[in-house]
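Shown here: coords25.txt, compact mmCIF, C-alpha atoms.
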```txt
# COMPACT_ATOMS: atom_id res chain seq x y z
CA MET K 1 30.68 6.10 -16.87
CA PRO K 2 29.05 3.55 -14.55
CA THR K 3 26.99 0.94 -16.38
CA GLN K 4 24.16 0.92 -13.85
CA ILE K 5 22.65 4.29 -13.08
CA PRO K 6 19.67 4.07 -10.71
CA ASP K 7 16.44 4.50 -12.65
CA ILE K 8 15.32 7.31 -10.36
CA VAL K 9 18.41 9.28 -11.44
CA VAL K 10 17.78 8.46 -15.10
CA SER K 11 14.25 9.84 -14.70
CA ARG K 12 15.66 13.22 -13.60
CA LEU K 13 18.20 13.58 -16.43
CA PRO K 14 15.63 14.59 -19.08
CA VAL K 15 14.34 17.20 -16.65
CA TYR K 16 17.85 18.65 -16.28
CA TYR K 17 18.40 18.43 -20.03
CA ASN K 18 15.18 20.24 -20.90
CA THR K 19 15.75 22.91 -18.26
CA LEU K 20 19.29 23.53 -19.49
CA ARG K 21 17.96 23.87 -23.03
CA ALA K 22 15.44 26.44 -21.80
CA MET K 23 18.23 28.35 -20.00
CA GLN K 24 20.36 28.23 -23.14
CA ALA K 25 17.42 29.64 -25.13
CA GLU K 26 17.30 32.49 -22.59
CA GLY K 27 20.92 33.28 -23.48
CA LYS K 28 22.55 31.89 -20.33
CA GLN K 29 25.93 30.19 -20.60
CA THR K 30 26.43 28.78 -17.11
CA ALA K 31 24.10 27.32 -14.51
CA SER K 32 24.74 26.70 -10.85
CA SER K 33 23.24 23.67 -9.13
CA ARG K 34 21.40 26.16 -6.89
CA GLU K 35 19.83 27.88 -9.90
CA LEU K 36 18.80 24.55 -11.45
CA GLY K 37 17.46 23.45 -8.09
CA GLU K 38 15.32 26.57 -7.72
CA ARG K 39 13.82 26.10 -11.16
CA LEU K 40 13.07 22.45 -10.54
CA GLY K 41 12.26 22.23 -6.87
CA ILE K 42 15.11 19.75 -6.38
CA SER K 43 17.90 20.36 -3.86
CA ALA K 44 21.20 21.65 -5.24
CA ALA K 45 22.97 18.79 -3.45
CA GLN K 46 20.76 16.23 -5.22
CA ILE K 47 21.50 17.80 -8.59
CA ARG K 48 25.26 17.79 -7.98
CA LYS K 49 25.07 14.16 -6.86
CA ASP K 50 23.03 13.11 -9.90
CA LEU K 51 25.27 14.82 -12.40
CA SER K 52 28.45 13.60 -10.74
CA GLN K 53 27.45 10.06 -11.79
CA PHE K 54 28.46 10.93 -15.33
CA GLY K 55 31.74 12.69 -14.70
CA GLU K 56 33.03 16.05 -13.64
CA PHE K 57 30.81 18.56 -15.40
CA GLY K 58 31.00 21.53 -13.11
CA LYS K 59 33.40 23.33 -10.83
CA GLN K 60 32.56 24.65 -7.39
CA GLY K 61 31.78 28.35 -7.63
CA THR K 62 31.66 28.65 -11.42
CA GLY K 63 28.67 26.42 -12.14
CA TYR K 64 28.08 24.14 -15.07
CA ILE K 65 28.87 25.21 -18.63
CA ILE K 66 25.43 24.80 -20.15
CA GLU K 67 26.47 23.92 -23.69
CA PHE K 68 28.89 21.23 -22.53
CA LEU K 69 26.39 19.70 -20.11
CA ILE K 70 23.66 19.67 -22.78
CA ASP K 71 26.03 17.82 -25.13
CA GLN K 72 26.85 15.25 -22.48
CA LEU K 73 23.22 14.68 -21.51
CA GLN K 74 22.26 14.47 -25.17
CA THR K 75 24.69 11.60 -25.63
CA ILE K 76 23.65 9.86 -22.43
CA LEU K 77 19.96 10.09 -23.31
CA ASN K 78 20.46 9.11 -26.96
CA MET K 79 19.04 12.41 -28.08
CA GLY K 80 21.66 12.89 -30.80
CA GLN K 81 19.34 11.10 -33.20
CA SER K 82 15.70 11.71 -33.97
CA TRP K 83 13.05 9.14 -33.05
CA ASP K 84 9.84 8.39 -34.91
CA VAL K 85 6.82 7.74 -32.74
CA ALA K 86 3.41 6.10 -33.28
CA ILE K 87 0.25 7.00 -31.34
CA VAL K 88 -2.41 4.34 -30.85
CA GLY K 89 -5.76 5.88 -29.91
CA ALA K 90 -7.00 9.08 -31.54
CA GLY K 91 -9.54 10.24 -28.95
CA ASN K 92 -9.19 13.64 -27.28
CA LEU K 93 -6.00 12.65 -25.50
CA GLY K 94 -4.40 11.06 -28.57
CA LYS K 95 -5.29 14.13 -30.62
CA ALA K 96 -3.88 16.46 -27.99
CA ILE K 97 -0.61 14.53 -28.00
CA ALA K 98 -0.46 14.26 -31.80
CA GLN K 99 -0.69 18.04 -32.00
CA TYR K 100 1.61 18.84 -29.09
CA HIS K 101 4.37 21.13 -30.33
CA GLY K 102 6.92 20.08 -27.75
CA PHE K 103 8.02 16.81 -29.36
CA ALA K 104 9.60 17.85 -32.66
CA PRO K 105 12.13 20.35 -31.23
CA GLN K 106 13.45 17.50 -29.06
CA GLY K 107 13.77 15.05 -31.94
CA PHE K 108 10.54 13.09 -31.46
CA ASN K 109 8.46 12.95 -34.63
CA ILE K 110 4.91 11.67 -34.53
CA LYS K 111 4.69 9.63 -37.73
CA LEU K 112 1.66 7.37 -37.43
CA VAL K 113 -1.69 7.62 -35.62
CA PHE K 114 -4.08 4.68 -35.26
CA ASP K 115 -7.62 4.17 -34.09
CA ALA K 116 -10.25 1.44 -34.25
CA ASN K 117 -13.24 3.79 -34.65
CA PRO K 118 -14.53 3.81 -38.28
CA ASP K 119 -15.69 7.43 -37.79
CA LEU K 120 -12.10 8.48 -37.10
CA ILE K 121 -10.18 6.31 -39.58
CA GLY K 122 -9.25 8.36 -42.63
CA THR K 123 -9.82 11.71 -40.89
CA VAL K 124 -6.92 14.02 -40.21
CA VAL K 125 -5.30 15.15 -36.97
CA GLY K 126 -2.73 17.92 -37.41
CA ASP K 127 -1.11 16.82 -40.69
CA LEU K 128 -1.49 13.09 -40.10
CA LYS K 129 -4.16 10.76 -41.40
CA ILE K 130 -5.66 8.42 -38.78
CA ASN K 131 -4.94 4.81 -39.79
CA ASP K 132 -7.01 1.72 -39.16
CA ILE K 133 -5.59 -0.12 -36.15
CA LYS K 134 -5.90 -3.32 -38.22
CA ASN K 135 -2.89 -2.15 -40.22
CA LEU K 136 -0.81 -1.37 -37.15
CA ILE K 137 1.78 -4.12 -37.55
CA PRO K 138 2.64 -3.68 -41.25
CA LEU K 139 2.64 0.13 -41.09
CA ILE K 140 4.88 0.32 -38.01
CA GLN K 141 7.24 -2.31 -39.41
CA GLN K 142 7.43 -0.54 -42.76
CA ALA K 143 8.22 2.78 -41.06
CA GLY K 144 10.75 1.12 -38.73
CA ILE K 145 9.22 2.89 -35.73
CA LYS K 146 10.54 1.82 -32.30
CA ILE K 147 8.52 4.00 -29.89
CA ALA K 148 4.75 4.14 -29.37
CA MET K 149 2.31 5.94 -27.09
CA ILE K 150 -0.88 4.16 -26.04
CA THR K 151 -3.93 6.41 -25.58
CA VAL K 152 -6.72 3.86 -26.03
CA PRO K 153 -9.38 3.01 -23.39
CA ASP K 154 -7.91 1.11 -20.42
CA GLN K 155 -9.45 -2.22 -21.35
CA ALA K 156 -7.81 -2.18 -24.82
CA ALA K 157 -4.32 -1.32 -23.57
CA GLN K 158 -2.84 -4.80 -23.17
CA SER K 159 -4.02 -6.10 -26.54
CA VAL K 160 -2.70 -2.97 -28.27
CA ALA K 161 0.61 -3.43 -26.44
CA ASN K 162 0.82 -7.04 -27.65
CA GLU K 163 0.35 -5.86 -31.24
CA LEU K 164 3.00 -3.18 -30.78
CA VAL K 165 5.50 -5.74 -29.53
CA LYS K 166 4.79 -7.91 -32.61
CA ALA K 167 5.39 -4.83 -34.74
CA GLY K 168 8.87 -4.44 -33.27
CA ILE K 169 8.21 -1.57 -30.86
CA GLU K 170 10.92 -1.31 -28.16
CA GLY K 171 9.63 1.58 -26.05
CA ILE K 172 6.09 2.33 -24.90
CA LEU K 173 4.67 5.33 -23.10
CA ASN K 174 1.41 4.11 -21.60
CA TYR K 175 -1.25 6.77 -20.95
CA THR K 176 -3.84 4.29 -19.72
CA ALA K 177 -4.39 3.16 -16.13
CA THR K 178 -3.66 -0.45 -17.13
CA PRO K 179 -0.28 -1.83 -16.02
CA LEU K 180 1.19 -3.64 -19.04
CA ASN K 181 2.66 -7.08 -19.12
CA LEU K 182 5.51 -6.89 -21.65
CA PRO K 183 8.62 -8.83 -22.60
CA PRO K 184 11.73 -7.57 -20.80
CA HIS K 185 13.33 -6.04 -23.91
CA VAL K 186 10.46 -3.54 -24.19
CA ILE K 187 11.07 -0.43 -22.10
CA HIS K 188 7.85 1.05 -20.85
CA GLN K 189 6.70 3.89 -18.69
CA ARG K 190 3.31 4.64 -17.33
CA HIS K 191 2.46 8.28 -17.90
CA SER K 192 1.78 9.90 -14.55
CA ASP K 193 -1.76 9.43 -13.50
CA PRO K 194 -3.33 12.88 -12.99
CA VAL K 195 -5.39 11.42 -10.14
CA ALA K 196 -2.22 10.47 -8.29
CA GLN K 197 -0.88 13.97 -8.83
CA LEU K 198 -4.07 15.53 -7.46
CA GLN K 199 -3.84 13.25 -4.43
CA HIS K 200 -0.26 14.37 -3.95
CA ILE K 201 -1.59 17.94 -3.88
CA THR K 202 -4.45 17.20 -1.48
CA TYR K 203 -1.98 15.63 0.94
CA TYR K 204 -0.49 19.10 1.41
CA ILE K 205 -3.70 21.13 1.11
CA GLY K 206 -5.15 19.01 3.88
CA LYS K 207 -2.07 19.60 6.02
CA HIS K 208 -1.95 23.39 5.74
CA ASN K 209 -5.69 23.70 6.36
CA ASP K 210 -5.49 21.65 9.56
CA MET E 1 2.87 9.95 12.62
CA PRO E 2 5.95 12.01 11.72
CA THR E 3 5.14 15.57 10.69
CA GLN E 4 7.65 15.70 7.84
CA ILE E 5 7.37 12.91 5.29
CA PRO E 6 9.82 13.29 2.38
CA ASP E 7 7.98 14.55 -0.69
CA ILE E 8 9.29 11.67 -2.79
CA VAL E 9 7.52 9.28 -0.41
CA VAL E 10 4.34 11.36 -0.51
CA SER E 11 4.41 11.13 -4.31
CA ARG E 12 4.31 7.32 -4.11
CA LEU E 13 1.41 7.09 -1.64
CA PRO E 14 -1.32 7.84 -4.21
CA VAL E 15 0.20 5.13 -6.40
CA TYR E 16 -0.05 2.62 -3.56
CA TYR E 17 -3.55 3.83 -2.73
CA ASN E 18 -4.83 3.50 -6.31
CA THR E 19 -3.22 0.10 -6.77
CA LEU E 20 -4.73 -1.18 -3.53
CA ARG E 21 -8.15 0.06 -4.66
CA ALA E 22 -7.70 -1.84 -7.94
CA MET E 23 -6.72 -4.99 -6.01
CA GLN E 24 -9.75 -4.56 -3.76
CA ALA E 25 -11.96 -4.26 -6.86
CA GLU E 26 -10.46 -7.57 -8.02
CA GLY E 27 -11.73 -9.12 -4.79
CA LYS E 28 -8.37 -9.41 -3.01
CA GLN E 29 -8.23 -8.88 0.76
CA THR E 30 -4.50 -8.89 1.45
CA ALA E 31 -1.46 -7.67 -0.46
CA SER E 32 2.18 -8.49 0.10
CA SER E 33 4.84 -5.86 -0.48
CA ARG E 34 6.26 -8.21 -3.14
CA GLU E 35 2.91 -8.29 -4.98
CA LEU E 36 2.56 -4.50 -4.81
CA GLY E 37 6.15 -4.18 -5.95
CA GLU E 38 5.60 -6.38 -8.97
CA ARG E 39 2.55 -4.39 -10.04
CA LEU E 40 4.34 -1.10 -9.66
CA GLY E 41 7.94 -1.83 -10.59
CA ILE E 42 9.06 -0.65 -7.14
CA SER E 43 11.12 -2.88 -4.83
CA ALA E 44 9.26 -4.64 -2.02
CA ALA E 45 11.79 -3.21 0.44
CA GLN E 46 11.04 0.33 -0.74
CA ILE E 47 7.32 -0.23 -0.33
CA ARG E 48 7.76 -1.60 3.20
CA LYS E 49 9.97 1.34 4.08
CA ASP E 50 7.53 3.90 2.65
CA LEU E 51 4.51 2.44 4.41
CA SER E 52 6.33 2.01 7.71
CA GLN E 53 6.54 5.82 7.94
CA PHE E 54 2.88 5.85 8.84
CA GLY E 55 2.74 3.05 11.35
CA GLU E 56 2.60 -0.70 11.49
CA PHE E 57 0.24 -1.68 8.70
CA GLY E 58 1.45 -5.12 7.80
CA LYS E 59 2.93 -8.22 9.34
CA GLN E 60 5.79 -10.23 7.93
CA GLY E 61 4.40 -13.22 6.05
CA THR E 62 0.74 -12.24 6.06
CA GLY E 63 0.90 -9.09 3.98
CA TYR E 64 -1.12 -5.92 4.34
CA ILE E 65 -4.86 -5.99 4.95
CA ILE E 66 -6.02 -4.06 1.92
CA GLU E 67 -9.12 -2.46 3.42
CA PHE E 68 -7.27 -1.20 6.48
CA LEU E 69 -4.38 0.19 4.43
CA ILE E 70 -6.78 1.92 2.02
CA ASP E 71 -8.51 3.57 5.00
CA GLN E 72 -5.19 4.77 6.41
CA LEU E 73 -3.95 6.11 3.10
CA GLN E 74 -7.30 7.77 2.48
CA THR E 75 -6.93 9.71 5.72
CA ILE E 76 -3.30 10.57 5.08
CA LEU E 77 -4.05 11.83 1.56
CA ASN E 78 -7.20 13.69 2.60
CA MET E 79 -9.27 11.57 0.27
CA GLY E 80 -12.09 11.15 2.79
CA GLN E 81 -13.70 14.25 1.32
CA SER E 82 -14.48 15.10 -2.28
CA TRP E 83 -12.67 17.95 -4.03
CA ASP E 84 -14.05 20.23 -6.70
CA VAL E 85 -11.66 21.09 -9.51
CA ALA E 86 -11.50 23.80 -12.20
CA ILE E 87 -9.83 23.37 -15.60
CA VAL E 88 -8.41 26.44 -17.32
CA GLY E 89 -7.87 25.86 -21.04
CA ALA E 90 -10.38 23.88 -23.11
CA GLY E 91 -8.21 22.82 -26.05
CA ASN E 92 -7.74 19.15 -26.90
CA LEU E 93 -5.86 18.47 -23.68
CA GLY E 94 -8.32 20.36 -21.47
CA LYS E 95 -11.20 18.54 -23.14
CA ALA E 96 -9.52 15.16 -22.71
CA ILE E 97 -9.04 15.88 -19.01
CA ALA E 98 -12.56 17.26 -18.52
CA GLN E 99 -13.96 14.02 -19.91
CA TYR E 100 -11.55 11.66 -18.16
CA HIS E 101 -13.59 9.13 -16.20
CA GLY E 102 -10.89 8.44 -13.62
CA PHE E 103 -11.42 11.53 -11.45
CA ALA E 104 -14.95 11.14 -10.07
CA PRO E 105 -14.50 7.65 -8.55
CA GLN E 106 -11.59 9.09 -6.55
CA GLY E 107 -13.55 12.08 -5.29
CA PHE E 108 -12.32 14.72 -7.76
CA ASN E 109 -15.20 16.50 -9.47
CA ILE E 110 -14.53 18.76 -12.44
CA LYS E 111 -16.91 21.65 -11.80
CA LEU E 112 -15.76 24.54 -13.98
CA VAL E 113 -13.99 24.80 -17.34
CA PHE E 114 -12.61 28.08 -18.72
CA ASP E 115 -11.20 29.28 -22.00
CA ALA E 116 -10.36 32.61 -23.63
CA ASN E 117 -11.37 31.58 -27.16
CA PRO E 118 -14.75 33.12 -28.14
CA ASP E 119 -15.40 30.11 -30.43
CA LEU E 120 -15.24 27.80 -27.39
CA ILE E 121 -16.97 29.93 -24.75
CA GLY E 122 -20.57 28.77 -24.30
CA THR E 123 -19.97 25.41 -26.01
CA VAL E 124 -20.17 22.21 -24.02
CA VAL E 125 -17.54 19.65 -23.06
CA GLY E 126 -18.94 16.51 -21.45
CA ASP E 127 -21.76 18.00 -19.37
CA LEU E 128 -19.99 21.28 -18.58
CA LYS E 129 -20.36 24.63 -20.30
CA ILE E 130 -17.07 26.36 -21.15
CA ASN E 131 -16.92 29.67 -19.27
CA ASP E 132 -15.23 32.88 -20.31
CA ILE E 133 -11.87 33.13 -18.58
CA LYS E 134 -12.77 36.74 -17.74
CA ASN E 135 -15.17 35.37 -15.13
CA LEU E 136 -12.61 33.03 -13.59
CA ILE E 137 -12.19 34.81 -10.26
CA PRO E 138 -15.89 35.31 -9.34
CA LEU E 139 -16.95 31.85 -10.55
CA ILE E 140 -14.20 30.01 -8.68
CA GLN E 141 -14.77 32.05 -5.53
CA GLN E 142 -18.52 31.47 -5.69
CA ALA E 143 -18.01 27.71 -6.10
CA GLY E 144 -15.38 27.65 -3.33
CA ILE E 145 -13.02 25.61 -5.52
CA LYS E 146 -9.50 25.06 -4.16
CA ILE E 147 -7.84 22.98 -6.92
CA ALA E 148 -7.23 23.88 -10.57
CA MET E 149 -5.54 22.33 -13.59
CA ILE E 150 -3.87 24.61 -16.12
CA THR E 151 -4.02 23.42 -19.74
CA VAL E 152 -3.49 26.73 -21.55
CA PRO E 153 -0.63 27.50 -23.97
CA ASP E 154 2.74 27.79 -22.17
CA GLN E 155 2.97 31.56 -22.53
CA ALA E 156 -0.38 32.09 -20.76
CA ALA E 157 0.37 29.80 -17.82
CA GLN E 158 1.81 32.32 -15.34
CA SER E 159 -0.91 34.93 -15.84
CA VAL E 160 -3.60 32.26 -15.46
CA ALA E 161 -1.87 31.03 -12.30
CA ASN E 162 -1.87 34.58 -10.90
CA GLU E 163 -5.63 34.82 -11.46
CA LEU E 164 -6.14 31.43 -9.83
CA VAL E 165 -4.26 32.55 -6.75
CA LYS E 166 -6.44 35.68 -6.55
CA ALA E 167 -9.48 33.40 -6.81
CA GLY E 168 -8.34 31.49 -3.71
CA ILE E 169 -6.96 28.36 -5.40
CA GLU E 170 -4.59 26.44 -3.08
CA GLY E 171 -3.47 23.58 -5.34
CA ILE E 172 -2.47 23.68 -9.02
CA LEU E 173 -1.67 20.87 -11.42
CA ASN E 174 0.26 22.52 -14.23
CA TYR E 175 0.13 20.78 -17.62
CA THR E 176 2.21 23.43 -19.37
CA ALA E 177 5.98 23.48 -19.77
CA THR E 178 6.16 26.79 -17.87
CA PRO E 179 7.53 26.61 -14.32
CA LEU E 180 5.18 28.72 -12.17
CA ASN E 181 6.15 31.35 -9.68
CA LEU E 182 3.59 31.07 -6.89
CA PRO E 183 3.17 32.12 -3.26
CA PRO E 184 4.33 29.44 -0.82
CA HIS E 185 0.83 28.55 0.41
CA VAL E 186 -0.11 27.31 -3.08
CA ILE E 187 0.86 23.67 -3.60
CA HIS E 188 1.70 22.98 -7.20
CA GLN E 189 2.88 20.10 -9.32
CA ARG E 190 4.07 20.10 -12.87
CA HIS E 191 2.39 17.29 -14.78
CA SER E 192 5.07 15.00 -16.14
CA ASP E 193 6.36 16.24 -19.42
CA PRO E 194 5.80 13.48 -22.02
CA VAL E 195 9.05 14.56 -23.71
CA ALA E 196 10.99 13.81 -20.53
CA GLN E 197 9.29 10.44 -20.33
CA LEU E 198 10.22 9.61 -23.92
CA GLN E 199 13.80 10.62 -23.18
CA HIS E 200 13.76 8.33 -20.18
CA ILE E 201 12.74 5.54 -22.58
CA THR E 202 15.38 6.37 -25.20
CA TYR E 203 18.06 6.21 -22.52
CA TYR E 204 17.34 2.49 -22.24
CA ILE E 205 16.54 1.80 -25.91
CA GLY E 206 19.89 3.31 -26.79
CA LYS E 207 21.61 1.12 -24.23
CA HIS E 208 20.15 -2.22 -25.27
CA ASN E 209 20.81 -1.47 -28.93
CA ASP E 210 24.47 -0.68 -28.29
```
Could you quickly redo this structure as structure tokens?
Amino acid sequence: MPTQIPDIVVSRLPVYYNTLRAMQAEGKQTASSRELGERLGISAAQIRKDLSQFGEFGKQGTGYIIEFLIDQLQTILNMGQSWDVAIVGAGNLGKAIAQYHGFAPQGFNIKLVFDANPDLIGTVVGDLKINDIKNLIPLIQQAGIKIAMITVPDQAAQSVANELVKAGIEGILNYTATPLNLPPHVIHQRHSDPVAQLQHITYYIGKHND
Amino acid sequence: MPTQIPDIVVSRLPVYYNTLRAMQAEGKQTASSRELGERLGISAAQIRKDLSQFGEFGKQGTGYIIEFLIDQLQTILNMGQSWDVAIVGAGNLGKAIAQYHGFAPQGFNIKLVFDANPDLIGTVVGDLKINDIKNLIPLIQQAGIKIAMITVPDQAAQSVANELVKAGIEGILNYTATPLNLPPHVIHQRHSDPVAQLQHITYYIGKHND
């Protein structure tokens, strides 16, 4: 396996993985690159190229064996283990994420939720109590959590991120519009800005209405 | 201007546009591709290549003139006009989106919110009343809305999408995990799955802990 896979390819692997899991749940045993491509709006050639980075998973004509490919992707993406996750910010978005049912089946367990608002601290979201953000460092350290999602107002994002780094967090999913300045060992992703996605849509709406 | 810009390039244009607007708000007048690249985690060469698709916006050494580039991108992305938007699904996620302050400054106005839950219909989110989903088609038609966001449970996504198409919607941002089957004239985007983004992160966390 090559040591350096382009990040753009890495970003597509979870999409393949989750789609293959959905196909497996539908009772399918094999998947062609064409079928995957149709489900995902990605060309079959691109899918074959991406997956070929990791070895020979499929044969021309017969398609990929779903179970085998899921196993391989699971290893590549470190999904063989479960990951505990903290959410910082318990507004509407934080609450929506804390109660999202899609995480647990994929091995992501929301364990801690924090907020700075005294009206929210001590209240419950789903089956989790909202903790005072003042206790962020000791609680995250104690729980050994390595991944956090930031759903605070934009202006608080960097200071929250600094606290998370002190707490030993190694991966951050940032839902704010603030680009974060973080030490290189902390992997972080900005969650797609819905505005940018709407603008992507209006690019095409504008074109076909011309 | 070429008629066919690769979709992957189109997807980056709003990111450039929004970053340039932020730089303009900071009082900057020019931006180098290196500076943009550092803010966005995209290589300077990639940025130059992407922007060169649309004409000669910058000069080597002096950087891009922010105001001019914003104007160009605004035209390309059809952001010169404002767009009304409907949200279908007023759970935590729908509410978070309805109250997100990032849309209006970019010309996206949330005008209608729908839900099927009798406990929610008639209640207020932000300054909008939640409408009965039964009235989706006439209300959207009457308002002439062309863009909708779907934040309903996964299993309801396709039937909601079908109604939206009947109502004349031309662009859909789909927050559910359900891939939508839509007529070709309807532009749609799946909002990034947070699970896939966490898996993208664990790929790297796993690697640097090896």
Out of E:Gln158, E:Asn109, E:Asn117, E:Asn92, which residue has the shortest atom-to-atom distance to chain K when counting all atoms listed in the file?
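Checking each candidate against chain K, we get E:Asn92 as the closest.
Put simply, CA of Asn135 (chain K) is 27.9 Å away from CA of Gln106 (chain K).
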Show which residues sit within 10 Å of Gly107 (chain K), as a list in words. Count all atoms listed in the file, and ignore same-chain residues fewer than 3 positions away.
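The residues that qualify are Met79, Gly80, Gln81, Ser82, Trp83, Asp84, Gly102, Phe103, Ala104 and Ile110 of chain K; Val195 and Gln199 of chain E.
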Counting all atoms listed in the file, which residues from chain K have an atom at most 6 Å from any atom of chain E, and could you show them as a PyMOL selection string?
chain K and resi 11+14+77-78+92-93+96+196+199-200+203+206
K:Arg48, K:Ile87, K:Ser33, K:Gly27: which is nearest Gly63 (chain K), counting all atoms listed in the file?
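Answer, going by the shortest atom-to-atom distance: K:Ser33.
The space separating CA of Phe114 (chain E) from CA of Pro184 (chain E) comes to 24.7 Å.
Of note, CA of Ser32 (chain K) and CA of Gln72 (chain K) are spaced 16.5 Å apart.
For the choices K:Ile121, K:Ala90, K:Ile66, K:Leu139, the atom-to-atom distance to Gln24 (chain K) is smallest for K:Ile66 when using only C-alpha atoms.
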Emit a file covering region 131-176 of chain E of the preceding structure with C-alpha atoms, as a PDB file, in the first residue's frame.
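Once written, selection.pdb looks like this:
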```
ATOM      1  CA  ASN E 131     -46.149  25.269   7.653  1.00  0.00           C
ATOM      2  CA  ASP E 132     -47.968  21.998   7.178  1.00  0.00           C
ATOM      3  CA  ILE E 133     -46.108  19.899   4.638  1.00  0.00           C
ATOM      4  CA  LYS E 134     -49.498  19.208   3.006  1.00  0.00           C
ATOM      5  CA  ASN E 135     -49.406  22.767   1.671  1.00  0.00           C
ATOM      6  CA  LEU E 136     -45.886  22.459   0.292  1.00  0.00           C
ATOM      7  CA  ILE E 137     -46.745  22.572  -3.410  1.00  0.00           C
ATOM      8  CA  PRO E 138     -49.106  25.597  -3.421  1.00  0.00           C
ATOM      9  CA  LEU E 139     -46.985  27.620  -0.988  1.00  0.00           C
ATOM     10  CA  ILE E 140     -43.727  27.058  -2.862  1.00  0.00           C
ATOM     11  CA  GLN E 141     -45.373  27.757  -6.219  1.00  0.00           C
ATOM     12  CA  GLN E 142     -47.001  30.926  -4.901  1.00  0.00           C
ATOM     13  CA  ALA E 143     -43.664  32.162  -3.519  1.00  0.00           C
ATOM     14  CA  GLY E 144     -41.846  31.194  -6.732  1.00  0.00           C
ATOM     15  CA  ILE E 145     -39.098  29.465  -4.732  1.00  0.00           C
ATOM     16  CA  LYS E 146     -36.538  27.482  -6.749  1.00  0.00           C
ATOM     17  CA  ILE E 147     -34.207  26.103  -4.030  1.00  0.00           C
ATOM     18  CA  ALA E 148     -35.021  23.778  -1.124  1.00  0.00           C
ATOM     19  CA  MET E 149     -33.147  22.023   1.665  1.00  0.00           C
ATOM     20  CA  ILE E 150     -34.370  18.630   2.851  1.00  0.00           C
ATOM     21  CA  THR E 151     -33.886  17.920   6.563  1.00  0.00           C
ATOM     22  CA  VAL E 152     -36.516  15.226   7.075  1.00  0.00           C
ATOM     23  CA  PRO E 153     -35.830  11.665   8.303  1.00  0.00           C
ATOM     24  CA  ASP E 154     -33.996   9.564   5.676  1.00  0.00           C
ATOM     25  CA  GLN E 155     -37.013   7.438   4.793  1.00  0.00           C
ATOM     26  CA  ALA E 156     -39.114  10.503   3.907  1.00  0.00           C
ATOM     27  CA  ALA E 157     -36.480  12.152   1.704  1.00  0.00           C
ATOM     28  CA  GLN E 158     -37.476  10.771  -1.704  1.00  0.00           C
ATOM     29  CA  SER E 159     -41.196  11.464  -1.319  1.00  0.00           C
ATOM     30  CA  VAL E 160     -40.455  15.011  -0.148  1.00  0.00           C
ATOM     31  CA  ALA E 161     -38.123  15.454  -3.124  1.00  0.00           C
ATOM     32  CA  ASN E 162     -40.887  14.295  -5.485  1.00  0.00           C
ATOM     33  CA  GLU E 163     -43.239  16.930  -4.045  1.00  0.00           C
ATOM     34  CA  LEU E 164     -40.552  19.588  -4.374  1.00  0.00           C
ATOM     35  CA  VAL E 165     -40.081  18.761  -8.039  1.00  0.00           C
ATOM     36  CA  LYS E 166     -43.842  19.054  -8.590  1.00  0.00           C
ATOM     37  CA  ALA E 167     -43.685  22.443  -6.858  1.00  0.00           C
ATOM     38  CA  GLY E 168     -41.136  23.657  -9.419  1.00  0.00           C
ATOM     39  CA  ILE E 169     -37.984  23.419  -7.284  1.00  0.00           C
ATOM     40  CA  GLU E 170     -34.821  23.369  -9.447  1.00  0.00           C
ATOM     41  CA  GLY E 171     -32.100  22.983  -6.812  1.00  0.00           C
ATOM     42  CA  ILE E 172     -32.035  20.726  -3.736  1.00  0.00           C
ATOM     43  CA  LEU E 173     -29.541  20.515  -0.896  1.00  0.00           C
ATOM     44  CA  ASN E 174     -30.145  17.113   0.655  1.00  0.00           C
ATOM     45  CA  TYR E 175     -29.162  16.741   4.321  1.00  0.00           C
ATOM     46  CA  THR E 176     -30.390  13.152   4.573  1.00  0.00           C
TER      47      THR E 176
END
```
